[in-house]
Every structure is written in structure tokens, then in C-alpha cells.
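*Asks:* The structure's right below; bear with me while I get my questions together.
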Amino acid sequence: MSRVVVISGGGTGIGRAVAEKFARDGDQVVVVGRRPDVLDRTAAEITAAGAEVKVAALAADLAEATEADRVRDVLSERYGRVDVLVHSAGGNTALDVPPAQASPAEQAAAHWTGNFRANVLTTVLLTESLRDLLTAPGGRIVLLSSIAAYRGSGSGSYAGAKAALHPYAYDLAAALGGRGITVNVVAPGYIAGTEFFRGALSPERERTLVGQTLNGRAGTPQDVAETVHWLASPAAGHITGQILQVNGGAERGR
Ligand SMILES: NC(=O)c1ccc[n+]([C@@H]2O[C@H](COP(=O)([O-])OP(=O)(O)OC[C@H]3O[C@@H](n4cnc5c(N)ncnc54)[C@H](OP(=O)(O)O)[C@@H]3O)[C@@H](O)[C@H]2O)c1
């Protein structure tokens, strides 16, 4: 049966690959992000590539509660339910160039607040808004963390924000388990071909990241999409409250 699949951050990168995977399966996919032009283009391209059902685009800043509630209202009216919720919205806001005159404390405040909003609030607010729309039993929630939650991220703010998602996922899995809904986290290592590094990843840094893997290659958005898709399948029905790392073994490091 065709499922209603909502993917935050579905306009680009990993979220887009997840959207492609579900759309090829005949599911009704809704991609959510802040930039309407990006979402519309992605939705049109995936649909044109052979999706059985037209992919829908919904623009919203998910770090704002009112926006998450607006997304809920639209989904409720249009579909009446959500079968799969994938949270790919996020990124490392500490990669943004700080204002020239910012003090170290002001920079830290911007990094920690920015990463909390981008990674924690986008996930928590949409989840809380959609909680009672989730199909039960059988609903699926998948959060996107990062290898940074295990290895750090430079300033710590991105890693800390991703790490905060882990206990949230455990609590959510406990709260929703009785309704037959699973909640899991996928924590990727370095994934090439997304907007994450804003085109500013140096060849040297990329070599380092690939060198940390045990299989000697960068991850792809499709690597992550396959894992998310499986976690959302009936075959993974007894897996909940777990964090699955997709990183070619890089957490072990070299
Ligand atoms: N690439 C990697 O190496 C890597 C590794 C580990 C984890 N991750 C995580 O994987 C997820 C996907 O990242 P990616 O690599 O695919 O990067 P990406 O291409 O930059 O995707 C991030 C998406 O999140 C959306 N987004 C950001 N803030 C949002 C907000 N406030 N409201 C709604 N949407 C928002 C962005 O769209 P708009 O700008 O249009 O809103 C964008 O489509 C992120 O959570 C990232 O932290 C990535």
C-alpha cells in the first residue's frame, strides 16, 4: 500500500535521496525545507524521473513552532495521516562565516544557538506537531544524527546538537512503542554530494575524512537512503530506539 512519507530537508542531499527511494516505491512523498524553489525543482525532477505518485513540496522553517504546526495542518487536511517521518533537515551552522566584529563568546552563542535550532528544534518541533497524525500501529520515525556525535565537530556545537537527538529518540521510542511506532536514528559519516559543506570542503580535508573509513570511500546519499528505507520497512518492525551508524567504519577511525 502507498504510504504517506514526510521528509524534512528533502529538497537536497540525503533527504532528496531518501525522497527518491520512497517515491520509486510508489509512496506519497512530501518534501519540506525553507527554500520553495529548491523544493519545487526537486519534487518536479523526482516526479519526472518516474515516481508513481507526484512528489509534493511544502516550504517551512521547521525551527519555528508555528511553521511546524502549519505543516501539520496541511498534512492533516491533505492526507489525514503520516506513515513515515524522516528528519533530514539540519547541518552545521558553525560553518557559516561569523560577523567580523563578533567576540569569542558571541561567536560561540551563534554557533550553539544556530546548531540547536537547525538540528534539534527542526526535528523535535515537527515530531511533536505530527505525533497524533502518525499511523498506529506501523508508523516509523527516523532521525538523522552524525558521526560528529561520537567524534566531535570542531566547535562542539554541531556534535552536541546531534548528540541531543539520541536521548530524544530513546524517550520517543518508549512513548510511542505501545502504539506500534518505531523510532530510530541514522548517524552518517562523511557523505559526499550534498550541500552540507557549502562547496567549501578542501581536497585535503576530504582525503582525511575518506582516510578515516575502513572501506576507503566517501559515503553517498544513497547509502543513507537505503538504510532509512529499510528502517521504515515492515522488515525492521522489531528495531526501535537504536542508532545505526553509516560511515564505512570511520567511527573506529584510522
Ligand atoms: N553530508 C554529510 O557529510 C553528513 C554527515 C552526517 C550527518 N549529516 C546530516 O544529514 C542531514 C542532511 O544533510 P545533507 O548532507 O543532505 O546536507 P544538505 O544538502 O545541506 O541538507 C540539509 C537540508 O536541511 C534543510 N534545512 C536546514 N534547516 C532547515 C530548517 N530550519 N527548516 C527546514 N529545512 C531545513 C535544507 O534546506 P533549506 O536550506 O532549503 O531549508 C537542506 O535541504 C543533516 O541533518 C546533516 O546534519 C550530513
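Chain labels A, B, ... are given in the sequence in which chains occur in the C-alpha cells; within each chain residues are numbered consecutively from 1, and ligands are likewise numbered from 1 in the order shown.
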To check your reading of the model: which residues sit at most 8 Å from ligand 1 when counting only C-alpha atoms and all ligand atoms? Write the answer as an NGL selection string.
*Replies:* :A and (8-16 or 32-36 or 38-39 or 59-64 or 87-92 or 117-119 or 122 or 144-148 or 158 or 162 or 187-198 or 219 or 221)
*Asks:* Write out as a list of chain:residue names each polymer residue whose atoms come within 8 Å of range 223-239 of chain A, counting only C-alpha atoms; drop sequence neighbours fewer than 2 positions from it.
*Replies:* A:Ile14, A:Gly15, A:Ala17, A:Val18, A:Lys21, A:Phe22, A:Val84, A:Val86, A:Gly138, A:Arg140, A:Ile141, A:Val142, A:Thr182, A:Asn184, A:Val186, A:Pro188, A:Gly219, A:Thr220, A:Pro221, A:Gly241, A:Gln242, A:Val246
*Asks:* Just list as an NGL selection string whatever in range 16-253 of chain A DSSP marks as strand (DSSP E or B).
*Replies:* :A and (28-33 or 56-59 or 82 or 84-87 or 134 or 140-144 or 182-188 or 191 or 219 or 243-246)
*Asks:* Can you work out the spacing between CA of Gln212 in chain A and CA of Gly248 in chain A in Å, to one decimal?
*Replies:*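 A separation of 8.6 Å between them.
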*Asks:* Rounded to one decimal place, report the CA of Asp69 in chain A-CA of Val30 in chain A distance in Å.
*Replies:*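 CA of Val30 in chain A lies at a distance of 15.4 Å from CA of Asp69 in chain A.
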*Asks:* When distances are computed from only C-alpha atoms, which of A:Val31, A:Ala169, A:Leu126, A:Ala149 shows the smallest separation from Glu251 in chain A?
*Replies:*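 Looking at the shortest contact to Glu251 in chain A, the residue is A:Ala149.
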*Asks:* Between A:Asn247, A:Leu201, A:Asn115, A:Thr93, which has the minimum distance to Ala218 in chain A (counting only C-alpha atoms)?
*Replies:*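 Of A:Asn247, A:Leu201, A:Asn115, A:Thr93, the one nearest Ala218 in chain A is A:Asn247, counting only C-alpha atoms.
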*Asks:* Given the choices A:Ser76, A:Ser2, A:Thr240, A:Gln245, which gets closest to Ser129 in chain A if the distance is worked out from only C-alpha atoms?
*Replies:*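 Ranked by minimum distance to Ser129 in chain A, first place goes to A:Ser76.
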*Asks:* I'd like the contact shell of Arg3 in chain A - 12 Å cut-off, only C-alpha atoms, skipping same-chain residues fewer than 2 positions apart - returned as a PyMOL selection string.
*Replies:* chain A and resi 1+5-6+22-30+53+79-85+134-135+138-140+232-234
*Asks:* Take the residues that were just selected and, keeping N, CA and C atoms, output them as a PDB file, in the first residue's frame.
*Replies:*
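Printed below is again_32.pdb as written:
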```
ATOM      1  N   MET A   1       0.831  -1.197   0.000  1.00  0.00           N
ATOM      2  CA  MET A   1       0.000   0.000   0.000  1.00  0.00           C
ATOM      3  C   MET A   1       0.871   1.255   0.000  1.00  0.00           C
ATOM      4  N   VAL A   5       4.809   9.684   3.208  1.00  0.00           N
ATOM      5  CA  VAL A   5       6.169   9.804   3.733  1.00  0.00           C
ATOM      6  C   VAL A   5       6.573  11.277   3.744  1.00  0.00           C
ATOM      7  N   VAL A   6       6.844  11.806   4.921  1.00  0.00           N
ATOM      8  CA  VAL A   6       7.222  13.218   5.065  1.00  0.00           C
ATOM      9  C   VAL A   6       8.712  13.288   5.343  1.00  0.00           C
ATOM     10  N   PHE A  22      11.779   6.444  -1.702  1.00  0.00           N
ATOM     11  CA  PHE A  22      10.377   6.163  -1.368  1.00  0.00           C
ATOM     12  C   PHE A  22       9.462   6.411  -2.571  1.00  0.00           C
ATOM     13  N   ALA A  23       9.760   7.460  -3.340  1.00  0.00           N
ATOM     14  CA  ALA A  23       8.906   7.782  -4.497  1.00  0.00           C
ATOM     15  C   ALA A  23       8.953   6.662  -5.524  1.00  0.00           C
ATOM     16  N   ARG A  24      10.133   6.068  -5.731  1.00  0.00           N
ATOM     17  CA  ARG A  24      10.251   4.941  -6.680  1.00  0.00           C
ATOM     18  C   ARG A  24       9.422   3.744  -6.230  1.00  0.00           C
ATOM     19  N   ASP A  25       9.186   3.689  -4.926  1.00  0.00           N
ATOM     20  CA  ASP A  25       8.400   2.596  -4.335  1.00  0.00           C
ATOM     21  C   ASP A  25       6.904   2.819  -4.486  1.00  0.00           C
ATOM     22  N   GLY A  26       6.512   3.986  -4.993  1.00  0.00           N
ATOM     23  CA  GLY A  26       5.087   4.295  -5.157  1.00  0.00           C
ATOM     24  C   GLY A  26       4.474   5.006  -3.971  1.00  0.00           C
ATOM     25  N   ASP A  27       5.314   5.456  -3.026  1.00  0.00           N
ATOM     26  CA  ASP A  27       4.776   6.152  -1.851  1.00  0.00           C
ATOM     27  C   ASP A  27       4.444   7.614  -2.177  1.00  0.00           C
ATOM     28  N   GLN A  28       3.582   8.206  -1.345  1.00  0.00           N
ATOM     29  CA  GLN A  28       3.225   9.619  -1.499  1.00  0.00           C
ATOM     30  C   GLN A  28       4.222  10.434  -0.683  1.00  0.00           C
ATOM     31  N   VAL A  29       5.153  11.071  -1.351  1.00  0.00           N
ATOM     32  CA  VAL A  29       6.257  11.743  -0.675  1.00  0.00           C
ATOM     33  C   VAL A  29       6.016  13.246  -0.589  1.00  0.00           C
ATOM     34  N   VAL A  30       6.273  13.802   0.608  1.00  0.00           N
ATOM     35  CA  VAL A  30       6.195  15.250   0.806  1.00  0.00           C
ATOM     36  C   VAL A  30       7.563  15.733   1.271  1.00  0.00           C
ATOM     37  N   VAL A  53       3.570   8.454  -7.905  1.00  0.00           N
ATOM     38  CA  VAL A  53       2.699   9.498  -7.373  1.00  0.00           C
ATOM     39  C   VAL A  53       3.495  10.803  -7.377  1.00  0.00           C
ATOM     40  N   TYR A  79      -3.888  14.549   3.784  1.00  0.00           N
ATOM     41  CA  TYR A  79      -3.713  13.085   3.847  1.00  0.00           C
ATOM     42  C   TYR A  79      -4.392  12.444   5.066  1.00  0.00           C
ATOM     43  N   GLY A  80      -4.543  13.216   6.142  1.00  0.00           N
ATOM     44  CA  GLY A  80      -5.175  12.667   7.346  1.00  0.00           C
ATOM     45  C   GLY A  80      -4.282  11.743   8.157  1.00  0.00           C
ATOM     46  N   ARG A  81      -3.057  11.505   7.667  1.00  0.00           N
ATOM     47  CA  ARG A  81      -2.143  10.629   8.403  1.00  0.00           C
ATOM     48  C   ARG A  81      -0.720  10.814   7.891  1.00  0.00           C
ATOM     49  N   VAL A  82       0.250  10.365   8.713  1.00  0.00           N
ATOM     50  CA  VAL A  82       1.654  10.284   8.284  1.00  0.00           C
ATOM     51  C   VAL A  82       2.137   8.888   8.635  1.00  0.00           C
ATOM     52  N   ASP A  83       2.622   8.164   7.644  1.00  0.00           N
ATOM     53  CA  ASP A  83       3.113   6.801   7.885  1.00  0.00           C
ATOM     54  C   ASP A  83       4.589   6.771   8.240  1.00  0.00           C
ATOM     55  N   VAL A  84       5.360   7.622   7.556  1.00  0.00           N
ATOM     56  CA  VAL A  84       6.817   7.643   7.771  1.00  0.00           C
ATOM     57  C   VAL A  84       7.271   9.093   7.879  1.00  0.00           C
ATOM     58  N   LEU A  85       8.041   9.378   8.927  1.00  0.00           N
ATOM     59  CA  LEU A  85       8.567  10.733   9.122  1.00  0.00           C
ATOM     60  C   LEU A  85      10.092  10.654   9.187  1.00  0.00           C
ATOM     61  N   LEU A 134       0.501  10.221  13.321  1.00  0.00           N
ATOM     62  CA  LEU A 134       1.277   9.051  12.915  1.00  0.00           C
ATOM     63  C   LEU A 134       0.418   7.795  12.894  1.00  0.00           C
ATOM     64  N   THR A 135       0.578   7.024  11.865  1.00  0.00           N
ATOM     65  CA  THR A 135      -0.168   5.780  11.737  1.00  0.00           C
ATOM     66  C   THR A 135       0.224   4.813  12.845  1.00  0.00           C
ATOM     67  N   GLY A 138       2.454   0.657  13.082  1.00  0.00           N
ATOM     68  CA  GLY A 138       3.180   0.630  11.811  1.00  0.00           C
ATOM     69  C   GLY A 138       3.914   1.916  11.467  1.00  0.00           C
ATOM     70  N   GLY A 139       3.631   3.015  12.198  1.00  0.00           N
ATOM     71  CA  GLY A 139       4.313   4.274  11.891  1.00  0.00           C
ATOM     72  C   GLY A 139       5.812   4.176  12.127  1.00  0.00           C
ATOM     73  N   ARG A 140       6.546   5.018  11.420  1.00  0.00           N
ATOM     74  CA  ARG A 140       8.009   4.991  11.503  1.00  0.00           C
ATOM     75  C   ARG A 140       8.545   6.419  11.606  1.00  0.00           C
ATOM     76  N   ALA A 232      12.359   1.920   7.779  1.00  0.00           N
ATOM     77  CA  ALA A 232      10.940   2.258   7.653  1.00  0.00           C
ATOM     78  C   ALA A 232      10.110   1.099   7.121  1.00  0.00           C
ATOM     79  N   SER A 233      10.764  -0.012   6.824  1.00  0.00           N
ATOM     80  CA  SER A 233      10.045  -1.144   6.223  1.00  0.00           C
ATOM     81  C   SER A 233       9.438  -2.042   7.310  1.00  0.00           C
ATOM     82  N   PRO A 234       8.459  -2.854   6.948  1.00  0.00           N
ATOM     83  CA  PRO A 234       7.898  -3.819   7.905  1.00  0.00           C
ATOM     84  C   PRO A 234       8.977  -4.774   8.418  1.00  0.00           C
TER      85      PRO A 234
END
```
*Asks:* Distance CA of Leu143 in chain A-CA of Tyr168 in chain A, one decimal place?
*Replies:*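 Interatomic distance here is 9.8 Å.
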